[in-house]
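Novice: Mind looking over this structure? Questions follow.
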Amino acid sequence: MRTSKPARAGQYVALLCYLVFIAFPFAWLISTAFKPPRELATLHPTWIPKDPTLQNFRDAFDQQPLLHAALNSLIAAVSAALIAVVIATPMAYVMARHRSKLSTAATGWVVVSQAFPFVLIIIPLFLILKNLHLINSLPGLIMVYVVWSLPFALWMLVGYVRAVPPELEEAAAVDGASKFRTLVSVTAPLLAPGLVATALFAFITAWNEFFFALVLLKTPEKQTLPVVLTHFLGAEGVADLGPLAAAAFLATLPSLVIFAIIQKRITGGMLAGAVKS
């Protein structure tokens with residue numbers, strides 16, 4: 001059923017409004033990052049800085065250890081993403097290929113668990129990590145990130161596995177391939193877009209996470225980038241807006257760069273190369 005021209009035009013207008021709504025904070029952040037203090041204090045702010053400067057970036061690096069904090073965030077985010085994908089992949093395969101009341105209940109619990117507020121689990125979580133001597137350590141934070149991102153990663157991968165036709169695995173079995181060979185040579189390549197998308201989700205979740213890192217990491221040398229961003233305070237506890245905007249802009253770049261690099265892999269057809277030659 002074809003969409004009429006007015007309806008299609010309305011869709012494009014709604015999409016454009018949504019893009020403007022999403023892009024506005026980032027555009028304003030970039031503008032603020034390049035404004036000198038005089039323009040930041042004006043009562044009539046402008047979109048484009050009249051006298052752009054890089055001093056905010058220099059001040060940001062001078063005031064806080066951004067590089068070290070970014071390294072901590074990178075280690076935590078990459079580790080959590082890889083571990084979550086490795087654990088979730090076989091679990092998702094079993095849940096998708098062997099449907100039962102138990103797997104259906106597990107899928108429902110995965111979805112419901114995402115609605116739990118952080119504050120409900122932070123105290124028992126803190127006590128558990130304290131007993132394991134993992135407070136104020138990146139391994140403890142990585143463990144928390146893996147546990148927190150695993151349910152949604154599992155839910156995502158179950159959908160990707162179900163999208164792979166079982167007939168492809170059956171054809172490989174007819175040709176004499178073992179179960180392990182079928183999973184490695186047939187199913188795994190078709191899951192590549194789903195694995196990349198899931199890993200990206202887990203990475204961004206861990207990279208931007210603030211609450212757990214604030215509670216579990218105490219010493220400055222262990223803190224991640226979102227926590228360090230809260231330290232940009234000027235006189236009387238007022239935020240030092242220029243360096244803060246510059247640091248926040250730099251903190252958003254890794255996610256944007258990674259997404260730009262792997263977006264083709266995410267949007268690529270899941271069944272590319274599935275035809276037997």
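Residue names in the structure tokens use chain letters A, B, ... in the order shown, residue numbers from 1 in each chain, and ligand numbers from 1 in the order shown.
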Please provide the set of residues having any atom within 10 Å of region 178-187 of chain A, restricted to only C-alpha atoms, with same-chain residues fewer than 3 positions apart removed, written as an NGL selection string.

Specialist: :A and (90 or 93 or 161 or 164-166 or 168-175 or 190-192 or 271 or 273-274)

Novice: Suppose we keep all heavy atoms; can you now write the selection as a short mmCIF file (atom, residue, chain, number, x, y, z; two decimals), in the first residue's frame?

Specialist:
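Result file result_7.cif:
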```cif
data_model
loop_
_atom_site.label_atom_id
_atom_site.label_comp_id
_atom_site.auth_asym_id
_atom_site.auth_seq_id
_atom_site.Cartn_x
_atom_site.Cartn_y
_atom_site.Cartn_z
N PRO A 90 26.08 -17.42 23.32
CA PRO A 90 25.57 -18.80 23.44
C PRO A 90 24.23 -18.88 24.17
O PRO A 90 23.39 -19.72 23.85
CB PRO A 90 26.68 -19.52 24.22
CG PRO A 90 27.44 -18.44 24.92
CD PRO A 90 27.36 -17.25 24.03
N TYR A 93 21.55 -18.02 21.69
CA TYR A 93 21.33 -19.10 20.72
C TYR A 93 20.45 -20.19 21.31
O TYR A 93 19.53 -20.70 20.65
CB TYR A 93 22.67 -19.68 20.28
CG TYR A 93 22.54 -20.75 19.22
CD1 TYR A 93 22.42 -20.41 17.88
CD2 TYR A 93 22.52 -22.09 19.58
CE1 TYR A 93 22.29 -21.39 16.92
CE2 TYR A 93 22.38 -23.08 18.62
CZ TYR A 93 22.27 -22.73 17.29
OH TYR A 93 22.12 -23.70 16.34
N VAL A 161 19.29 -13.95 16.46
CA VAL A 161 19.40 -15.40 16.21
C VAL A 161 18.13 -15.93 15.57
O VAL A 161 18.18 -16.74 14.63
CB VAL A 161 19.71 -16.14 17.53
CG1 VAL A 161 19.66 -17.66 17.30
CG2 VAL A 161 21.07 -15.75 18.06
N VAL A 164 17.88 -15.58 11.81
CA VAL A 164 18.67 -16.47 10.95
C VAL A 164 17.84 -17.71 10.66
O VAL A 164 17.46 -18.44 11.58
CB VAL A 164 20.00 -16.85 11.64
CG1 VAL A 164 20.77 -17.84 10.77
CG2 VAL A 164 20.83 -15.61 11.92
N PRO A 165 17.56 -18.01 9.40
CA PRO A 165 16.72 -19.18 9.07
C PRO A 165 17.35 -20.48 9.55
O PRO A 165 18.52 -20.76 9.25
CB PRO A 165 16.65 -19.14 7.54
CG PRO A 165 16.96 -17.73 7.18
CD PRO A 165 17.94 -17.25 8.20
N PRO A 166 16.62 -21.30 10.29
CA PRO A 166 17.15 -22.61 10.72
C PRO A 166 17.49 -23.51 9.54
O PRO A 166 18.30 -24.43 9.67
CB PRO A 166 16.03 -23.19 11.57
CG PRO A 166 15.18 -22.02 11.96
CD PRO A 166 15.28 -21.06 10.83
N LEU A 168 19.28 -22.92 7.05
CA LEU A 168 20.70 -22.83 6.72
C LEU A 168 21.52 -23.80 7.56
O LEU A 168 22.44 -24.46 7.07
CB LEU A 168 21.19 -21.40 6.92
CG LEU A 168 20.58 -20.33 6.01
CD1 LEU A 168 21.08 -18.95 6.41
CD2 LEU A 168 20.92 -20.62 4.56
N GLU A 169 21.18 -23.90 8.84
CA GLU A 169 21.88 -24.85 9.70
C GLU A 169 21.54 -26.28 9.33
O GLU A 169 22.41 -27.16 9.38
CB GLU A 169 21.52 -24.56 11.16
CG GLU A 169 21.91 -23.16 11.62
CD GLU A 169 21.41 -22.86 13.02
OE1 GLU A 169 20.83 -23.76 13.65
OE2 GLU A 169 21.61 -21.72 13.49
N GLU A 170 20.29 -26.51 8.95
CA GLU A 170 19.89 -27.86 8.54
C GLU A 170 20.61 -28.27 7.27
O GLU A 170 21.03 -29.43 7.11
CB GLU A 170 18.38 -27.91 8.34
CG GLU A 170 17.59 -27.68 9.63
CD GLU A 170 16.10 -27.54 9.38
OE1 GLU A 170 15.70 -27.61 8.20
OE2 GLU A 170 15.34 -27.36 10.36
N ALA A 171 20.79 -27.32 6.33
CA ALA A 171 21.50 -27.64 5.09
C ALA A 171 22.96 -27.97 5.37
O ALA A 171 23.54 -28.88 4.76
CB ALA A 171 21.41 -26.45 4.13
N ALA A 172 23.57 -27.24 6.30
CA ALA A 172 24.95 -27.54 6.67
C ALA A 172 25.06 -28.91 7.32
O ALA A 172 26.02 -29.66 7.09
CB ALA A 172 25.48 -26.46 7.61
N ALA A 173 24.07 -29.26 8.14
CA ALA A 173 24.08 -30.58 8.77
C ALA A 173 23.94 -31.68 7.74
O ALA A 173 24.58 -32.74 7.84
CB ALA A 173 22.96 -30.67 9.81
N VAL A 174 23.11 -31.47 6.71
CA VAL A 174 22.95 -32.45 5.65
C VAL A 174 24.26 -32.66 4.89
O VAL A 174 24.59 -33.77 4.47
CB VAL A 174 21.82 -32.02 4.68
CG1 VAL A 174 21.79 -32.91 3.44
CG2 VAL A 174 20.48 -32.06 5.39
N ASP A 175 25.02 -31.58 4.75
CA ASP A 175 26.31 -31.67 4.06
C ASP A 175 27.38 -32.32 4.92
O ASP A 175 28.53 -32.47 4.48
CB ASP A 175 26.79 -30.27 3.64
CG ASP A 175 25.94 -29.71 2.51
OD1 ASP A 175 25.25 -30.51 1.84
OD2 ASP A 175 25.96 -28.48 2.29
N LEU A 190 26.54 -14.79 10.12
CA LEU A 190 25.26 -14.11 9.91
C LEU A 190 24.86 -13.26 11.11
O LEU A 190 24.05 -12.35 10.99
CB LEU A 190 24.16 -15.13 9.61
CG LEU A 190 24.40 -16.00 8.36
CD1 LEU A 190 23.25 -16.97 8.16
CD2 LEU A 190 24.58 -15.13 7.13
N LEU A 191 25.43 -13.58 12.28
CA LEU A 191 25.14 -12.81 13.48
C LEU A 191 26.06 -11.60 13.64
O LEU A 191 25.91 -10.86 14.62
CB LEU A 191 25.27 -13.70 14.72
CG LEU A 191 24.17 -14.75 14.95
CD1 LEU A 191 24.48 -15.56 16.19
CD2 LEU A 191 22.81 -14.08 15.07
N ALA A 192 27.01 -11.43 12.73
CA ALA A 192 28.00 -10.36 12.88
C ALA A 192 27.36 -8.98 13.08
O ALA A 192 27.76 -8.24 13.98
CB ALA A 192 28.95 -10.35 11.69
N LEU A 271 21.75 -11.53 6.19
CA LEU A 271 21.87 -12.76 5.42
C LEU A 271 22.82 -12.61 4.24
O LEU A 271 22.75 -13.40 3.29
CB LEU A 271 20.48 -13.22 4.92
CG LEU A 271 19.46 -13.48 6.04
CD1 LEU A 271 18.15 -13.95 5.43
CD2 LEU A 271 19.99 -14.51 7.01
N GLY A 273 25.74 -13.19 2.00
CA GLY A 273 26.63 -14.34 1.87
C GLY A 273 26.01 -15.65 2.30
O GLY A 273 26.72 -16.65 2.42
N ALA A 274 24.71 -15.66 2.55
CA ALA A 274 24.08 -16.89 3.01
C ALA A 274 23.82 -17.88 1.88
O ALA A 274 23.55 -19.05 2.14
CB ALA A 274 22.74 -16.57 3.70
#
```

Novice: Kindly indicate which residue among A:Ile128, A:Ala202, A:Gln223, A:Val215 lies nearest to Val78 (chain A), using only C-alpha atoms for the distances.

Specialist: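 The closest residue to Val78 (chain A) is A:Ala202.
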
Novice: Assign secondary structure with DSSP using the backbone only, and return the residues of region 6-77 of chain A in alpha helix (DSSP H) as a ChimeraX atom specification.

Specialist: /A:6-33,37-40,55-63,66-77

Novice: Excluding Trp148 (chain A) and any residue of its chain fewer than 4 positions from it, enumerate the residues within 10 Å of it, using only C-alpha atoms, and give them as an mmCIF file with N, CA and C atoms, in the first residue's frame.

Specialist:
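Heads up, here's the output in out-v7.cif:
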```
data_model
loop_
_atom_site.group_PDB
_atom_site.id
_atom_site.type_symbol
_atom_site.label_atom_id
_atom_site.label_comp_id
_atom_site.auth_asym_id
_atom_site.auth_seq_id
_atom_site.Cartn_x
_atom_site.Cartn_y
_atom_site.Cartn_z
ATOM 1 N N ALA A 80 33.722 -4.458 29.302
ATOM 2 C CA ALA A 80 32.330 -4.822 29.572
ATOM 3 C C ALA A 80 31.608 -5.241 28.296
ATOM 4 N N ALA A 84 30.264 -9.062 27.843
ATOM 5 C CA ALA A 84 28.814 -9.210 27.729
ATOM 6 C C ALA A 84 28.429 -9.941 26.448
ATOM 7 N N SER A 113 13.704 -6.666 34.109
ATOM 8 C CA SER A 113 14.864 -6.268 34.908
ATOM 9 C C SER A 113 15.417 -4.917 34.500
ATOM 10 N N GLN A 114 15.165 -4.496 33.255
ATOM 11 C CA GLN A 114 15.671 -3.204 32.802
ATOM 12 C C GLN A 114 14.912 -2.038 33.419
ATOM 13 N N PHE A 118 18.485 2.147 39.617
ATOM 14 C CA PHE A 118 19.813 1.850 40.146
ATOM 15 C C PHE A 118 19.829 1.850 41.672
ATOM 16 N N ILE A 142 33.834 -3.059 36.051
ATOM 17 C CA ILE A 142 33.572 -3.821 34.826
ATOM 18 C C ILE A 142 32.561 -4.932 35.103
ATOM 19 N N MET A 143 32.706 -5.603 36.239
ATOM 20 C CA MET A 143 31.759 -6.655 36.603
ATOM 21 C C MET A 143 30.336 -6.099 36.702
ATOM 22 N N VAL A 144 30.203 -4.942 37.304
ATOM 23 C CA VAL A 144 28.884 -4.313 37.419
ATOM 24 C C VAL A 144 28.326 -3.968 36.044
ATOM 25 N N PHE A 152 19.868 -6.825 28.524
ATOM 26 C CA PHE A 152 19.427 -6.216 27.263
ATOM 27 C C PHE A 152 20.236 -6.758 26.088
ATOM 28 N N ALA A 153 21.533 -7.029 26.299
ATOM 29 C CA ALA A 153 22.342 -7.627 25.240
ATOM 30 C C ALA A 153 21.782 -8.999 24.859
ATOM 31 N N ALA A 202 26.482 -2.025 24.526
ATOM 32 C CA ALA A 202 27.143 -2.228 25.808
ATOM 33 C C ALA A 202 28.265 -1.223 26.028
ATOM 34 N N THR A 205 26.719 2.256 26.802
ATOM 35 C CA THR A 205 26.140 2.225 28.142
ATOM 36 C C THR A 205 27.212 2.374 29.213
ATOM 37 N N ALA A 206 28.311 1.646 29.061
ATOM 38 C CA ALA A 206 29.386 1.711 30.041
ATOM 39 C C ALA A 206 30.159 3.030 29.938
#
```

Novice: Give me the residues near region 255-264 of chain A as a PyMOL selection string, where near means some atom within 12 Å (using only C-alpha atoms) and where sequence neighbours in that chain fewer than 2 positions away do not count.

Specialist: chain A and resi 26+73-74+77-78+192-208+249-253+266-270

Novice: Each residue of region 40-138 of chain A lying at most 10 Å from region 225-245 of chain A should get a row with its shortest atom-to-atom pair and the distance in Å to one decimal, counting only C-alpha atoms; could you produce that, ordered by chain and increasing number, as JSON lines?

Specialist:
```
{"residue": "A:Leu40", "atom": "CA", "partner": "A:Gly242", "partner_atom": "CA", "distance": 7.5}
{"residue": "A:Ala41", "atom": "CA", "partner": "A:Leu241", "partner_atom": "CA", "distance": 9.6}
{"residue": "A:Leu54", "atom": "CA", "partner": "A:Pro243", "partner_atom": "CA", "distance": 9.8}
{"residue": "A:Gln55", "atom": "CA", "partner": "A:Pro243", "partner_atom": "CA", "distance": 8.2}
{"residue": "A:Asn56", "atom": "CA", "partner": "A:Pro243", "partner_atom": "CA", "distance": 4.5}
{"residue": "A:Phe57", "atom": "CA", "partner": "A:Pro243", "partner_atom": "CA", "distance": 6.0}
{"residue": "A:Arg58", "atom": "CA", "partner": "A:Pro243", "partner_atom": "CA", "distance": 8.0}
{"residue": "A:Asp59", "atom": "CA", "partner": "A:Pro243", "partner_atom": "CA", "distance": 5.9}
{"residue": "A:Ala60", "atom": "CA", "partner": "A:Pro243", "partner_atom": "CA", "distance": 4.6}
{"residue": "A:Phe61", "atom": "CA", "partner": "A:Pro243", "partner_atom": "CA", "distance": 8.4}
{"residue": "A:Asp62", "atom": "CA", "partner": "A:Pro243", "partner_atom": "CA", "distance": 9.6}
{"residue": "A:Gln63", "atom": "CA", "partner": "A:Phe232", "partner_atom": "CA", "distance": 7.7}
{"residue": "A:Gln64", "atom": "CA", "partner": "A:Val228", "partner_atom": "CA", "distance": 7.2}
{"residue": "A:Pro65", "atom": "CA", "partner": "A:Val228", "partner_atom": "CA", "distance": 7.9}
{"residue": "A:Leu66", "atom": "CA", "partner": "A:Leu225", "partner_atom": "CA", "distance": 6.8}
{"residue": "A:Leu67", "atom": "CA", "partner": "A:Leu225", "partner_atom": "CA", "distance": 8.6}
{"residue": "A:His68", "atom": "CA", "partner": "A:Leu225", "partner_atom": "CA", "distance": 8.4}
{"residue": "A:Ala69", "atom": "CA", "partner": "A:Leu225", "partner_atom": "CA", "distance": 4.8}
{"residue": "A:Ala70", "atom": "CA", "partner": "A:Leu225", "partner_atom": "CA", "distance": 5.3}
{"residue": "A:Leu71", "atom": "CA", "partner": "A:Leu225", "partner_atom": "CA", "distance": 8.4}
{"residue": "A:Asn72", "atom": "CA", "partner": "A:Leu225", "partner_atom": "CA", "distance": 7.5}
{"residue": "A:Ser73", "atom": "CA", "partner": "A:Leu225", "partner_atom": "CA", "distance": 6.0}
{"residue": "A:Leu74", "atom": "CA", "partner": "A:Leu225", "partner_atom": "CA", "distance": 9.1}
```

Novice: Using the selection just defined, write its residues with C-alpha atoms as a PDB file, in the first residue's frame.

Specialist:
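Below you can see result35.pdb, which holds the result:
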```pdb
ATOM      1  CA  LEU A  40      29.562  32.833  27.905  1.00  0.00           C
ATOM      2  CA  ALA A  41      28.505  35.519  30.374  1.00  0.00           C
ATOM      3  CA  LEU A  54      40.699  26.901  22.082  1.00  0.00           C
ATOM      4  CA  GLN A  55      41.446  28.163  25.573  1.00  0.00           C
ATOM      5  CA  ASN A  56      38.577  26.159  27.051  1.00  0.00           C
ATOM      6  CA  PHE A  57      40.186  22.928  25.837  1.00  0.00           C
ATOM      7  CA  ARG A  58      43.562  23.916  27.268  1.00  0.00           C
ATOM      8  CA  ASP A  59      41.935  24.827  30.585  1.00  0.00           C
ATOM      9  CA  ALA A  60      40.037  21.527  30.649  1.00  0.00           C
ATOM     10  CA  PHE A  61      43.236  19.494  30.338  1.00  0.00           C
ATOM     11  CA  ASP A  62      45.026  21.709  32.859  1.00  0.00           C
ATOM     12  CA  GLN A  63      42.289  21.461  35.484  1.00  0.00           C
ATOM     13  CA  GLN A  64      41.495  17.736  35.349  1.00  0.00           C
ATOM     14  CA  PRO A  65      43.266  14.496  34.275  1.00  0.00           C
ATOM     15  CA  LEU A  66      41.027  13.940  31.265  1.00  0.00           C
ATOM     16  CA  LEU A  67      43.331  11.571  29.412  1.00  0.00           C
ATOM     17  CA  HIS A  68      43.743   9.250  32.384  1.00  0.00           C
ATOM     18  CA  ALA A  69      40.004   9.316  33.079  1.00  0.00           C
ATOM     19  CA  ALA A  70      39.282   8.604  29.414  1.00  0.00           C
ATOM     20  CA  LEU A  71      41.652   5.629  29.545  1.00  0.00           C
ATOM     21  CA  ASN A  72      39.806   4.275  32.589  1.00  0.00           C
ATOM     22  CA  SER A  73      36.478   4.684  30.795  1.00  0.00           C
ATOM     23  CA  LEU A  74      37.850   3.031  27.660  1.00  0.00           C
TER      24      LEU A  74
END
```

Novice: For Trp47 (chain A), which residue out of A:Ala88, A:Ala115, A:Phe34, A:Trp28 is the nearest one, using only C-alpha atoms?

Specialist: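 Among A:Ala88, A:Ala115, A:Phe34, A:Trp28, it is A:Trp28 that comes nearest to Trp47 (chain A).
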
Novice: Separation of CA of Leu29 (chain A) and CA of Leu43 (chain A), in Å?

Specialist: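 Taking CA of Leu29 (chain A) as the start and CA of Leu43 (chain A) as the end point, the length is 17.3 Å.
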
Novice: Provide the CA of Phe24 (chain A) to CA of Ile48 (chain A) distance in Å, to one decimal place.

Specialist: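 If I compute the distance from CA of Phe24 (chain A) to CA of Ile48 (chain A), I get 13.2 Å.
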
Novice: Between CA of Leu157 (chain A) and CA of Leu138 (chain A), what is the distance in Å, rounded to a tenth?

Specialist: 26.4 Å

Novice: Write out as a PDB file with C-alpha atoms, in the first residue's frame the residues lying within 12 Å of Phe126 (chain A), counting only C-alpha atoms and excluding same-chain residues fewer than 5 positions away.

Specialist:
```
ATOM      1  CA  PHE A 118      19.813   1.850  40.146  1.00  0.00           C
ATOM      2  CA  VAL A 119      19.165   2.953  43.735  1.00  0.00           C
ATOM      3  CA  LEU A 120      17.357  -0.307  44.542  1.00  0.00           C
ATOM      4  CA  ILE A 121      20.474  -2.391  44.023  1.00  0.00           C
ATOM      5  CA  ASN A 131      33.277  -8.600  50.456  1.00  0.00           C
ATOM      6  CA  LEU A 132      35.030  -9.445  47.187  1.00  0.00           C
ATOM      7  CA  HIS A 133      37.538  -6.598  47.737  1.00  0.00           C
ATOM      8  CA  LEU A 134      36.514  -5.011  44.436  1.00  0.00           C
ATOM      9  CA  ILE A 135      35.490  -1.568  45.702  1.00  0.00           C
ATOM     10  CA  ASN A 136      37.473   1.271  44.131  1.00  0.00           C
ATOM     11  CA  GLY A 140      34.721  -4.403  40.105  1.00  0.00           C
ATOM     12  CA  LEU A 141      33.223  -1.667  37.944  1.00  0.00           C
ATOM     13  CA  VAL A 144      28.884  -4.313  37.419  1.00  0.00           C
ATOM     14  CA  PHE A 212      27.876   3.240  39.616  1.00  0.00           C
ATOM     15  CA  ALA A 213      31.242   4.849  38.882  1.00  0.00           C
ATOM     16  CA  LEU A 214      30.517   7.656  41.332  1.00  0.00           C
ATOM     17  CA  VAL A 215      29.620   5.265  44.152  1.00  0.00           C
ATOM     18  CA  LEU A 216      32.204   2.534  43.573  1.00  0.00           C
ATOM     19  CA  LEU A 217      35.291   4.564  42.622  1.00  0.00           C
TER      20      LEU A 217
END
```
